[in-house]
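Reproduced below: entry.cif, with mmCIF, C-alpha atoms.
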data_query
loop_
_atom_site.label_atom_id
_atom_site.label_comp_id
_atom_site.auth_asym_id
_atom_site.auth_seq_id
_atom_site.Cartn_x
_atom_site.Cartn_y
_atom_site.Cartn_z
CA MET A 1 20.34 -37.98 37.02
CA LEU A 2 23.13 -40.55 36.97
CA ILE A 3 26.49 -40.16 38.66
CA SER A 4 28.04 -42.38 35.99
CA LYS A 5 26.86 -45.06 33.58
CA ASP A 6 28.20 -47.98 35.64
CA THR A 7 27.17 -47.06 39.20
CA GLY A 8 23.45 -47.60 38.80
CA VAL A 9 22.89 -44.69 41.16
CA GLY A 10 20.05 -42.43 40.18
CA ASN A 11 17.31 -43.81 37.98
CA PRO A 12 15.84 -46.89 39.69
CA LYS A 13 14.13 -48.06 36.49
CA ALA A 14 16.38 -51.14 36.11
CA SER A 15 16.15 -52.02 39.81
CA THR A 16 14.81 -55.41 40.83
CA LYS A 17 14.14 -57.06 44.16
CA LEU A 18 17.10 -59.41 43.55
CA LYS A 19 19.48 -56.51 42.79
CA ARG A 20 18.36 -54.63 45.90
CA THR A 21 18.78 -57.74 48.03
CA LEU A 22 22.27 -58.44 46.67
CA PHE A 23 23.32 -54.82 47.18
CA PHE A 24 21.99 -54.73 50.73
CA ASN A 25 23.67 -58.02 51.65
CA THR A 26 26.95 -56.90 50.12
CA ILE A 27 27.12 -53.58 51.98
CA CYS A 28 26.12 -55.17 55.29
CA LYS A 29 28.46 -58.16 55.22
CA LYS A 30 31.82 -56.50 55.96
CA PRO A 31 30.67 -54.26 58.82
CA GLY A 32 28.67 -57.19 60.22
CA ASN A 33 31.75 -59.42 60.17
CA LEU A 34 33.76 -56.67 61.87
CA PHE A 35 31.18 -56.34 64.66
CA VAL A 36 31.21 -60.10 65.21
CA GLU A 37 35.02 -60.11 65.34
CA ILE A 38 35.04 -57.22 67.83
CA SER A 39 32.43 -58.89 70.03
CA ASN A 40 34.49 -62.09 70.08
CA ALA A 41 37.73 -60.29 70.96
CA ASP A 42 39.57 -61.23 74.12
CA THR A 43 39.32 -58.00 76.10
CA ASN A 44 42.32 -59.04 78.20
CA ASN A 45 44.52 -59.35 75.14
CA LEU A 46 43.54 -56.67 72.63
CA TYR A 47 47.00 -55.72 71.42
CA GLU A 48 49.37 -57.61 69.21
CA GLN A 49 52.23 -59.25 71.06
CA THR A 50 55.74 -58.28 69.98
CA LEU A 51 58.79 -60.47 70.17
CA ASN A 52 61.97 -59.23 71.85
CA ILE A 53 64.77 -60.75 69.82
CA THR A 54 68.40 -60.11 70.73
CA ILE A 55 71.04 -60.83 68.14
#
Could you write out this structure as structure tokens?
Amino acid sequence: MLISKDTGVGNPKASTKLKRTLFFNTICKKPGNLFVEISNADTNNLYEQTLNITI
């Protein structure tokens, strides 16, 4: 059963090791980068600074 023709979800017949590797790396990259950014955050300065401008 396929969800749609272009998702590739369902029948694994056309799957290859390269396709699986690329898919895995793609779905792991963004959350991985987020975790690295969070771990590098300055815990004493987590919030954006705002400017007080008087006109």
> When you draw a straight line from atom CA of A:Phe24 to atom CA of A:Ile38, how long is it in Å?
Replying inline: 21.7 Å
> To one decimal place, how far is atom CA of A:Pro12 from atom CA of A:Asn25 in Å?
Replying inline: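 Interatomic distance here is 18.1 Å.
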> If you measure from atom CA of A:Lys29 to atom CA of A:Thr43, what distance in Å do you get, rounded to one decimal?
Replying inline: 23.5 Å
